[in-house]
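**Q** My structure is stored as run36.cif, with mmCIF, C-alpha atoms.
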```cif
data_final
#
loop_
_atom_site.label_atom_id
_atom_site.label_comp_id
_atom_site.auth_asym_id
_atom_site.auth_seq_id
_atom_site.Cartn_x
_atom_site.Cartn_y
_atom_site.Cartn_z
CA MET A 1 5.09 22.19 18.41
CA THR A 2 6.03 18.51 18.74
CA ALA A 3 3.43 17.37 16.24
CA THR A 4 4.59 19.91 13.67
CA ILE A 5 8.26 18.96 14.07
CA THR A 6 7.54 15.21 13.78
CA THR A 7 5.28 15.62 10.78
CA SER A 8 7.69 18.01 9.06
CA ILE A 9 10.42 15.34 9.09
CA ALA A 10 7.99 12.92 7.43
CA LEU A 11 6.93 15.56 4.89
CA GLU A 12 10.55 16.39 4.06
CA ARG A 13 11.25 12.73 3.39
CA LEU A 14 8.11 12.55 1.25
CA ALA A 15 9.11 15.72 -0.63
CA GLY A 16 12.42 14.06 -1.55
CA ALA A 17 10.67 10.95 -2.86
CA VAL A 18 8.15 13.00 -4.86
CA GLN A 19 10.93 15.09 -6.41
CA ALA A 20 12.86 11.91 -7.32
CA ASN A 21 9.74 10.59 -9.09
CA VAL A 22 9.19 13.87 -10.92
CA ASP A 23 12.86 13.97 -12.03
CA ALA A 24 12.71 10.36 -13.24
CA LEU A 25 9.53 11.09 -15.20
CA ALA A 26 11.14 14.12 -16.89
CA SER A 27 13.95 12.02 -18.40
CA ALA A 28 11.95 8.84 -19.13
CA PRO A 29 9.84 8.02 -22.21
CA PRO A 30 6.09 8.67 -21.68
CA GLU A 31 5.27 4.94 -21.63
CA ALA A 32 7.47 4.56 -18.54
CA ALA A 33 5.02 6.82 -16.68
CA THR A 34 2.28 4.16 -16.67
CA ILE A 35 2.06 1.92 -13.63
CA ARG A 36 -0.03 -1.24 -13.75
CA PRO A 37 -1.08 -2.45 -10.27
CA ARG A 38 -2.32 -6.04 -10.15
CA VAL A 39 -4.59 -7.51 -7.49
CA ARG A 40 -5.70 -11.13 -7.11
CA THR A 41 -8.95 -11.91 -5.30
CA SER A 42 -10.20 -15.43 -4.64
CA LEU A 43 -13.01 -17.07 -2.75
CA ILE A 44 -11.86 -18.57 0.56
CA LYS A 45 -12.93 -22.22 0.10
CA GLY A 46 -15.94 -23.32 2.11
CA THR A 47 -17.00 -19.76 3.05
CA PRO A 48 -20.03 -17.98 1.59
CA THR A 49 -18.41 -14.58 0.97
CA GLY A 50 -14.84 -14.63 2.34
CA VAL A 51 -12.35 -13.23 -0.18
CA HIS A 52 -8.58 -13.51 0.06
CA VAL A 53 -6.81 -10.51 -1.48
CA SER A 54 -3.19 -10.51 -2.56
CA THR A 55 -1.28 -7.62 -4.15
CA GLY A 56 2.52 -7.42 -4.14
CA PRO A 57 3.66 -8.30 -0.59
CA HIS A 58 0.27 -7.44 0.95
CA GLU A 59 -2.59 -9.78 1.83
CA PHE A 60 -5.91 -9.11 3.51
CA THR A 61 -9.47 -10.38 3.75
CA ILE A 62 -12.70 -8.87 2.46
CA ASP A 63 -16.02 -10.35 3.61
CA GLU A 64 -19.68 -9.49 4.22
CA PRO A 65 -21.34 -9.03 7.61
CA THR A 66 -23.48 -11.88 8.94
CA SER A 67 -26.65 -9.93 8.03
CA LEU A 68 -25.67 -10.37 4.37
CA GLY A 69 -24.71 -14.03 4.78
CA GLY A 70 -20.98 -13.63 5.46
CA ASP A 71 -18.70 -14.32 8.41
CA ASP A 72 -17.64 -10.65 8.91
CA THR A 73 -13.93 -11.52 8.77
CA GLY A 74 -13.13 -8.21 7.05
CA ALA A 75 -14.68 -4.97 5.83
CA ASN A 76 -16.87 -5.49 2.76
CA PRO A 77 -16.17 -4.38 -0.85
CA VAL A 78 -18.04 -1.07 -0.74
CA GLU A 79 -16.35 -0.19 2.58
CA HIS A 80 -12.98 -0.93 0.96
CA LEU A 81 -13.94 1.32 -1.94
CA LEU A 82 -14.73 4.17 0.50
CA ALA A 83 -11.50 3.41 2.40
CA SER A 84 -9.51 3.71 -0.84
CA LEU A 85 -11.07 7.14 -1.45
CA GLY A 86 -10.40 8.37 2.11
CA ALA A 87 -6.81 7.10 2.12
CA CYS A 88 -6.17 8.59 -1.32
CA GLN A 89 -7.38 11.96 -0.04
CA VAL A 90 -5.13 11.74 3.06
CA ILE A 91 -2.10 10.73 0.97
CA SER A 92 -2.81 13.37 -1.70
CA TYR A 93 -2.89 16.03 1.06
CA GLN A 94 0.50 14.79 2.26
CA VAL A 95 2.06 14.61 -1.21
CA TRP A 96 0.89 18.06 -2.27
CA ALA A 97 1.79 19.59 1.12
CA ALA A 98 5.27 18.09 0.69
CA LYS A 99 5.55 19.46 -2.88
CA LEU A 100 4.47 22.95 -1.81
CA GLY A 101 6.26 23.03 1.55
CA ILE A 102 3.01 23.44 3.50
CA ALA A 103 3.13 22.18 7.12
CA ILE A 104 0.38 19.79 8.25
CA ASP A 105 -0.11 18.34 11.73
CA ASN A 106 -3.00 16.02 10.93
CA VAL A 107 -5.39 14.93 8.19
CA GLU A 108 -8.58 12.98 8.88
CA VAL A 109 -11.13 12.06 6.23
CA ASP A 110 -14.53 10.48 6.91
CA ILE A 111 -16.38 8.96 3.99
CA THR A 112 -20.02 7.85 3.79
CA GLY A 113 -22.12 6.68 0.87
CA ASP A 114 -25.81 5.96 0.22
CA LEU A 115 -26.58 2.62 -1.40
CA ASP A 116 -30.06 1.21 -2.04
CA VAL A 117 -29.61 -2.57 -1.73
CA ARG A 118 -32.67 -3.26 -3.90
CA GLY A 119 -30.38 -2.61 -6.88
CA PHE A 120 -27.85 -5.25 -5.81
CA PHE A 121 -30.55 -7.85 -5.14
CA GLY A 122 -32.15 -7.20 -8.55
CA LEU A 123 -35.50 -6.16 -7.03
CA ASP A 124 -35.89 -2.95 -9.06
CA HIS A 125 -34.13 -2.43 -12.39
CA ASP A 126 -34.42 1.37 -12.07
CA ILE A 127 -32.18 1.34 -8.95
CA ARG A 128 -28.46 1.23 -9.60
CA PRO A 129 -26.48 -1.38 -7.61
CA GLY A 130 -23.76 1.07 -6.54
CA PHE A 131 -23.71 4.25 -4.45
CA ASN A 132 -26.08 7.06 -5.41
CA THR A 133 -23.92 9.64 -3.66
CA ILE A 134 -20.70 9.72 -1.63
CA GLN A 135 -19.88 12.34 1.00
CA VAL A 136 -16.33 13.33 2.01
CA GLU A 137 -15.61 15.19 5.25
CA ALA A 138 -11.97 16.21 5.67
CA ARG A 139 -10.34 17.89 8.67
CA ILE A 140 -6.91 19.48 8.20
CA THR A 141 -4.91 20.66 11.21
CA GLY A 142 -1.74 22.74 11.04
CA PRO A 143 0.00 26.03 11.74
CA GLU A 144 -0.35 27.75 8.35
CA HIS A 145 -2.85 30.37 7.21
CA ARG A 146 -6.21 29.11 6.03
CA GLU A 147 -5.55 30.32 2.46
CA ARG A 148 -2.63 27.93 2.07
CA TYR A 149 -4.81 24.97 3.10
CA GLU A 150 -7.54 26.09 0.71
CA GLU A 151 -4.94 26.13 -2.08
CA LEU A 152 -3.91 22.62 -0.96
CA THR A 153 -7.52 21.36 -1.00
CA ASP A 154 -7.94 22.66 -4.55
CA LEU A 155 -4.84 20.75 -5.69
CA VAL A 156 -5.96 17.56 -3.90
CA GLU A 157 -9.41 17.71 -5.51
CA ARG A 158 -7.82 17.99 -8.96
CA HIS A 159 -5.14 15.31 -8.54
CA CYS A 160 -6.52 12.60 -6.21
CA PRO A 161 -6.54 9.39 -8.35
CA VAL A 162 -9.39 7.61 -6.54
CA LEU A 163 -11.59 10.73 -6.48
CA ASP A 164 -11.08 10.97 -10.26
CA ILE A 165 -11.87 7.27 -10.77
CA ILE A 166 -15.07 7.39 -8.70
CA THR A 167 -16.46 10.68 -9.97
CA VAL A 168 -15.57 10.33 -13.67
CA GLY A 169 -15.73 6.52 -14.04
CA VAL A 170 -13.33 4.20 -15.84
CA PRO A 171 -13.95 1.76 -18.74
CA VAL A 172 -13.71 -1.82 -17.45
CA THR A 173 -13.15 -4.80 -19.76
CA SER A 174 -14.00 -8.29 -18.51
CA LYS A 175 -12.83 -11.72 -19.61
CA VAL A 176 -14.37 -14.78 -17.98
CA THR A 177 -13.09 -18.36 -18.19
CA TYR A 178 -15.16 -21.39 -17.16
CA ALA A 179 -13.74 -24.79 -16.21
CA ASP A 180 -14.95 -28.04 -14.66
CA MET B 181 -16.75 -34.01 -5.17
CA THR B 182 -15.49 -32.74 -1.81
CA ALA B 183 -15.12 -29.17 -3.02
CA THR B 184 -18.65 -29.11 -4.43
CA ILE B 185 -20.17 -30.50 -1.23
CA THR B 186 -18.30 -28.01 1.01
CA THR B 187 -19.11 -25.02 -1.18
CA SER B 188 -22.76 -26.07 -1.54
CA ILE B 189 -23.20 -25.88 2.25
CA ALA B 190 -21.78 -22.33 2.19
CA LEU B 191 -24.01 -21.39 -0.76
CA GLU B 192 -27.11 -22.81 0.96
CA ARG B 193 -26.38 -20.71 4.03
CA LEU B 194 -25.85 -17.68 1.79
CA ALA B 195 -29.10 -18.40 -0.09
CA GLY B 196 -30.98 -18.30 3.23
CA ALA B 197 -29.45 -14.95 4.18
CA VAL B 198 -30.16 -13.46 0.74
CA GLN B 199 -33.79 -14.64 0.90
CA ALA B 200 -34.15 -13.14 4.40
CA ASN B 201 -32.90 -9.80 3.05
CA VAL B 202 -35.24 -9.94 0.05
CA ASP B 203 -38.22 -10.80 2.30
CA ALA B 204 -37.38 -7.96 4.71
CA LEU B 205 -37.09 -5.50 1.80
CA ALA B 206 -40.49 -6.55 0.44
CA SER B 207 -42.29 -5.59 3.66
CA ALA B 208 -40.19 -2.50 4.57
CA PRO B 209 -40.65 1.10 3.38
CA PRO B 210 -38.32 2.00 0.46
CA GLU B 211 -36.17 4.29 2.65
CA ALA B 212 -35.25 1.26 4.79
CA ALA B 213 -33.52 -0.20 1.72
CA THR B 214 -30.72 2.37 1.84
CA ILE B 215 -27.56 1.42 3.71
CA ARG B 216 -25.01 4.06 4.60
CA PRO B 217 -21.51 2.62 5.20
CA ARG B 218 -19.13 4.94 7.03
CA VAL B 219 -15.33 4.75 6.91
CA ARG B 220 -12.83 6.85 8.88
CA THR B 221 -9.31 7.36 7.48
CA SER B 222 -6.58 9.25 9.31
CA LEU B 223 -2.89 9.95 8.86
CA ILE B 224 -0.72 7.81 11.14
CA LYS B 225 1.21 10.50 13.02
CA GLY B 226 4.84 10.91 12.06
CA THR B 227 4.56 8.85 8.87
CA PRO B 228 4.60 10.31 5.34
CA THR B 229 1.73 8.28 3.87
CA GLY B 230 0.53 5.76 6.48
CA VAL B 231 -3.26 5.78 6.81
CA HIS B 232 -5.25 4.10 9.56
CA VAL B 233 -8.65 2.89 8.36
CA SER B 234 -11.55 2.11 10.67
CA THR B 235 -15.02 0.92 9.64
CA GLY B 236 -17.37 -0.84 12.05
CA PRO B 237 -15.30 -3.48 13.88
CA HIS B 238 -12.61 -3.58 11.17
CA GLU B 239 -9.28 -1.76 11.07
CA PHE B 240 -6.46 -1.88 8.56
CA THR B 241 -3.59 0.16 7.13
CA ILE B 242 -3.19 1.72 3.70
CA ASP B 243 0.22 3.09 2.69
CA GLU B 244 2.43 3.80 -0.32
CA PRO B 245 5.53 1.81 -1.35
CA THR B 246 8.93 3.26 -0.53
CA SER B 247 9.37 4.29 -4.18
CA LEU B 248 6.52 6.77 -3.65
CA GLY B 249 7.83 7.98 -0.29
CA GLY B 250 5.86 5.65 2.00
CA ASP B 251 6.77 2.83 4.39
CA ASP B 252 4.88 0.08 2.47
CA THR B 253 2.93 -0.98 5.59
CA GLY B 254 -0.16 -1.79 3.49
CA ALA B 255 -1.45 -1.91 -0.07
CA ASN B 256 -1.98 1.56 -1.54
CA PRO B 257 -5.29 3.32 -2.32
CA VAL B 258 -5.54 2.32 -5.99
CA GLU B 259 -4.71 -1.30 -5.10
CA HIS B 260 -7.51 -1.22 -2.48
CA LEU B 261 -9.85 0.15 -5.14
CA LEU B 262 -8.99 -2.76 -7.45
CA ALA B 263 -9.33 -5.17 -4.50
CA SER B 264 -12.82 -3.82 -3.78
CA LEU B 265 -13.78 -4.49 -7.41
CA GLY B 266 -12.34 -8.02 -7.42
CA ALA B 267 -13.94 -8.94 -4.09
CA CYS B 268 -17.28 -7.47 -5.17
CA GLN B 269 -17.16 -9.65 -8.30
CA VAL B 270 -16.34 -12.79 -6.26
CA ILE B 271 -19.13 -12.06 -3.74
CA SER B 272 -21.63 -11.17 -6.47
CA TYR B 273 -20.91 -14.53 -8.14
CA GLN B 274 -21.58 -16.26 -4.81
CA VAL B 275 -24.77 -14.29 -4.05
CA TRP B 276 -26.30 -14.82 -7.50
CA ALA B 277 -25.23 -18.47 -7.61
CA ALA B 278 -26.95 -18.91 -4.22
CA LYS B 279 -30.10 -17.14 -5.47
CA LEU B 280 -30.28 -19.26 -8.63
CA GLY B 281 -29.14 -22.56 -7.07
CA ILE B 282 -26.06 -22.78 -9.30
CA ALA B 283 -23.16 -24.83 -7.86
CA ILE B 284 -19.70 -23.20 -7.81
CA ASP B 285 -16.44 -24.78 -6.68
CA ASN B 286 -14.22 -21.72 -6.99
CA VAL B 287 -14.14 -18.10 -8.13
CA GLU B 288 -10.92 -16.19 -8.76
CA VAL B 289 -10.76 -12.66 -10.12
CA ASP B 290 -7.57 -10.84 -11.15
CA ILE B 291 -7.75 -7.09 -11.63
CA THR B 292 -5.23 -4.78 -13.28
CA GLY B 293 -5.41 -1.11 -14.19
CA ASP B 294 -3.32 1.33 -16.21
CA LEU B 295 -2.47 4.61 -14.48
CA ASP B 296 -0.18 7.34 -15.86
CA VAL B 297 1.38 8.88 -12.74
CA ARG B 298 2.08 12.16 -14.55
CA GLY B 299 -1.57 13.01 -13.87
CA PHE B 300 -1.22 12.50 -10.12
CA PHE B 301 1.98 14.56 -9.94
CA GLY B 302 0.39 17.41 -11.89
CA LEU B 303 2.94 17.20 -14.72
CA ASP B 304 0.41 17.19 -17.57
CA HIS B 305 -3.11 18.58 -17.20
CA ASP B 306 -4.37 16.49 -20.12
CA ILE B 307 -3.60 13.25 -18.23
CA ARG B 308 -6.23 12.16 -15.72
CA PRO B 309 -4.94 11.21 -12.24
CA GLY B 310 -6.92 7.94 -12.09
CA PHE B 311 -6.94 4.73 -14.12
CA ASN B 312 -7.41 5.02 -17.89
CA THR B 313 -8.66 1.43 -18.11
CA ILE B 314 -9.25 -1.49 -15.78
CA GLN B 315 -9.13 -5.16 -16.82
CA VAL B 316 -11.03 -7.95 -15.05
CA GLU B 317 -10.10 -11.62 -15.53
CA ALA B 318 -12.45 -14.04 -13.78
CA ARG B 319 -12.14 -17.83 -13.57
CA ILE B 320 -15.21 -19.81 -12.49
CA THR B 321 -14.92 -23.51 -11.65
CA GLY B 322 -17.84 -25.83 -11.05
CA PRO B 323 -19.86 -28.83 -12.21
CA GLU B 324 -22.68 -27.11 -14.13
CA HIS B 325 -23.09 -26.55 -17.87
CA ARG B 326 -21.31 -23.57 -19.32
CA GLU B 327 -24.63 -21.90 -20.22
CA ARG B 328 -25.58 -21.61 -16.55
CA TYR B 329 -22.29 -19.87 -15.72
CA GLU B 330 -22.76 -17.51 -18.67
CA GLU B 331 -26.19 -16.63 -17.29
CA LEU B 332 -24.54 -16.06 -13.90
CA THR B 333 -21.84 -13.79 -15.40
CA ASP B 334 -24.53 -11.68 -17.08
CA LEU B 335 -26.32 -11.21 -13.72
CA VAL B 336 -23.06 -10.38 -11.92
CA GLU B 337 -22.13 -7.77 -14.54
CA ARG B 338 -25.51 -6.09 -14.11
CA HIS B 339 -25.67 -6.15 -10.29
CA CYS B 340 -22.11 -5.84 -8.94
CA PRO B 341 -22.12 -2.59 -6.88
CA VAL B 342 -18.42 -1.74 -7.26
CA LEU B 343 -18.43 -2.45 -11.02
CA ASP B 344 -21.36 -0.04 -11.30
CA ILE B 345 -19.61 2.63 -9.19
CA ILE B 346 -16.36 2.44 -11.15
CA THR B 347 -17.81 2.25 -14.67
CA VAL B 348 -20.66 4.75 -14.26
CA GLY B 349 -19.15 7.09 -11.63
CA VAL B 350 -20.79 8.58 -8.54
CA PRO B 351 -21.30 12.24 -7.53
CA VAL B 352 -19.01 13.05 -4.57
CA THR B 353 -19.59 16.05 -2.31
CA SER B 354 -16.71 17.35 -0.16
CA LYS B 355 -16.65 19.41 3.00
CA VAL B 356 -13.30 20.49 4.41
CA THR B 357 -12.65 21.95 7.87
CA TYR B 358 -9.39 23.71 8.81
CA ALA B 359 -8.10 24.16 12.36
CA ASP B 360 -4.92 25.28 14.14
#
```
Transcribe the structure of this file into structure tokens.

**A**
Amino acid sequence: MTATITTSIALERLAGAVQANVDALASAPPEAATIRPRVRTSLIKGTPTGVHVSTGPHEFTIDEPTSLGGDDTGANPVEHLLASLGACQVISYQVWAAKLGIAIDNVEVDITGDLDVRGFFGLDHDIRPGFNTIQVEARITGPEHRERYEELTDLVERHCPVLDIITVGVPVTSKVTYAD
Amino acid sequence: MTATITTSIALERLAGAVQANVDALASAPPEAATIRPRVRTSLIKGTPTGVHVSTGPHEFTIDEPTSLGGDDTGANPVEHLLASLGACQVISYQVWAAKLGIAIDNVEVDITGDLDVRGFFGLDHDIRPGFNTIQVEARITGPEHRERYEELTDLVERHCPVLDIITVGVPVTSKVTYAD
């Protein structure tokens, strides 16, 4: 029971925060509902593929393994993309469990993807540079009936932001500046 | 000149690694060209939205800000998604500059995205949960003629794995297991 009690305190706190957001959105103009995260990435000087990442108060490093010419000082970009999907699934399970009052003891999500590197290296124009497929394996542990967790899974699949981004795609506009 | 000399050593090392990969791919069966990154994400017990991420030798934390009910112990999932795109752009610039022998002193990429949180909270079914648009702003610094960097940008846009994933989308299959 300890796990359930500990996690229920966390879910109650989360439920309060979610409700506060929903209440604020109800009384705000629609344009106030749009958030605009900003992330700065920059080459770490003198390294082949080290990238310093900064967003709000958070900083971390993304790099490539030595087999791809990097120094392996951090997970690489496609691993971070899979991590963002897995974490978004975990957090969406928590948020929707909190909204619905469903108890959860644990959520684990493993993500894998298949990527043919010939696309990235420009060796075959018929091969896309990104993942061909991505596989999600989630494990939900808790005291409720299976039907409640199935209901939860359905809500997570329909509302997980990163799942939506990756499956549907997003238009990306690019502006590049060159300087000496 | 110091920056150019330092970065050219890094790019030469990267060029060697890229060529080694290309040579290995030329003599290997096509199925050997597929890599399969694996990432494990799991709820940090007792927290509302803390997620422990593990991939190969790398570990990090993804969380939500306190305004969304989290403890802000790491950047959140959509920020990590934008970080993966920015880092993939920076690394793709380095890899293709190394392949083509183009000198680069610095690469910086800022990424922003517009996300209407009413989609995530299930308040309006016509609003998608993910980003509506993503904006990339890249700044390339180096001693070469502008035309060479424009050529480089064209190659990066066509071969960046995360740009491809996010703009085109990827089929995702999910398997969920429930346990007491």

**Q** Calculate how many Å separate CA of Val219 (chain B) from CA of Asp63 (chain A), rounding to one decimal.

**A**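 Between these atoms lies a distance of 15.5 Å.
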
**Q** Which is closest to His260 (chain B) among A:Val53, A:Leu152, A:Ile134, A:Val18, if we use all atoms listed in the file?

**A**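 Smallest separation from His260 (chain B) among the options: A:Val53.
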
**Q** Any chance you could work out the axis-aligned box around region 286-304 of chain B, listed atoms only, 5 Å on each side, giving centre and edge lengths in Å to one decimal, as lines of an AutoDock Vina configuration file?

**A**
```
center_x = -5.6
center_y = -2.2
center_z = -12.3
size_x = 27.2
size_y = 49.1
size_z = 20.6
```

**Q** Interatomic distance between CA of Ile291 (chain B) and CA of Val316 (chain B)?

**A**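 It comes out at 4.8 Å.
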
**Q** Using only C-alpha atoms, which of B:Thr246, B:Arg338, B:Ala212, B:Ala318 sits nearest chain A?

**A**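 Once distances to chain A are computed over only C-alpha atoms, the minimum belongs to B:Ala318.
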
**Q** Might you pull out every residue within 8 Å of Val51 (chain A), with all atoms listed in the file counted and same-chain residues fewer than 5 positions away left off, and present them as an MDAnalysis selection string?

**A** (chainID A and resid 41:44 61:63) or (chainID B and resid 267 270:271)

**Q** Restricting the calculation to all atoms listed in the file: of B:Ser272, B:Thr321, B:Gln315, B:Thr235, which residue gets closest to Pro171 (chain A)?

**A**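 Comparing B:Ser272, B:Thr321, B:Gln315, B:Thr235 against Pro171 (chain A), the winner is B:Gln315.
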
**Q** Quick one: of B:Ile284, B:Ala277, B:Val342, B:Ala208, who's nearest to Glu79 (chain A), counting all atoms listed in the file?

**A**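 Smallest distance to Glu79 (chain A) is found for B:Val342.
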
**Q** Using all atoms listed in the file, which residues sit within 9 Å of Glu324 (chain B) once same-chain residues fewer than 4 positions away are excluded, as a VMD selection string?

**A** (chain A and resid 180) or (chain B and resid 282 to 284 328 to 329)

**Q** Can you rebuild region 201-222 of chain B with N, CA and C atoms and give it as a compact mmCIF listing (two decimals), in the coordinates of the input?

**A**
```
# COMPACT_ATOMS: atom_id res chain seq x y z
N ASN B 201 -33.02 -11.21 3.42
CA ASN B 201 -32.90 -9.80 3.05
C ASN B 201 -33.99 -9.39 2.07
N VAL B 202 -34.23 -10.24 1.07
CA VAL B 202 -35.24 -9.94 0.05
C VAL B 202 -36.62 -9.86 0.70
N ASP B 203 -36.92 -10.81 1.61
CA ASP B 203 -38.22 -10.80 2.30
C ASP B 203 -38.38 -9.53 3.14
N ALA B 204 -37.32 -9.15 3.85
CA ALA B 204 -37.38 -7.96 4.71
C ALA B 204 -37.59 -6.70 3.86
N LEU B 205 -36.95 -6.66 2.68
CA LEU B 205 -37.09 -5.50 1.80
C LEU B 205 -38.51 -5.39 1.24
N ALA B 206 -39.14 -6.55 1.02
CA ALA B 206 -40.49 -6.55 0.44
C ALA B 206 -41.51 -5.92 1.39
N SER B 207 -41.30 -6.08 2.69
CA SER B 207 -42.29 -5.59 3.66
C SER B 207 -41.86 -4.28 4.32
N ALA B 208 -40.69 -3.73 3.93
CA ALA B 208 -40.19 -2.50 4.57
C ALA B 208 -40.46 -1.30 3.66
N PRO B 209 -40.52 -0.09 4.23
CA PRO B 209 -40.65 1.10 3.38
C PRO B 209 -39.37 1.28 2.55
N PRO B 210 -39.48 1.88 1.35
CA PRO B 210 -38.32 2.00 0.46
C PRO B 210 -37.11 2.63 1.14
N GLU B 211 -37.32 3.61 2.03
CA GLU B 211 -36.17 4.29 2.65
C GLU B 211 -35.35 3.35 3.52
N ALA B 212 -35.98 2.25 3.98
CA ALA B 212 -35.25 1.26 4.79
C ALA B 212 -34.29 0.44 3.94
N ALA B 213 -34.39 0.57 2.61
CA ALA B 213 -33.52 -0.20 1.72
C ALA B 213 -32.15 0.45 1.54
N THR B 214 -31.99 1.68 2.03
CA THR B 214 -30.72 2.37 1.84
C THR B 214 -29.77 2.12 3.02
N ILE B 215 -28.60 1.56 2.69
CA ILE B 215 -27.56 1.42 3.71
C ILE B 215 -26.58 2.58 3.55
N ARG B 216 -25.89 2.90 4.62
CA ARG B 216 -25.01 4.06 4.60
C ARG B 216 -23.69 3.71 5.29
N PRO B 217 -22.81 2.96 4.60
CA PRO B 217 -21.51 2.62 5.20
C PRO B 217 -20.72 3.88 5.53
N ARG B 218 -19.96 3.81 6.60
CA ARG B 218 -19.13 4.94 7.03
C ARG B 218 -17.71 4.43 7.28
N VAL B 219 -16.73 5.14 6.77
CA VAL B 219 -15.33 4.75 6.91
C VAL B 219 -14.54 5.96 7.39
N ARG B 220 -13.70 5.77 8.40
CA ARG B 220 -12.83 6.85 8.88
C ARG B 220 -11.39 6.55 8.48
N THR B 221 -10.72 7.52 7.86
CA THR B 221 -9.31 7.36 7.48
C THR B 221 -8.53 8.50 8.12
N SER B 222 -7.37 8.19 8.68
CA SER B 222 -6.58 9.25 9.31
C SER B 222 -5.10 8.97 9.15
```
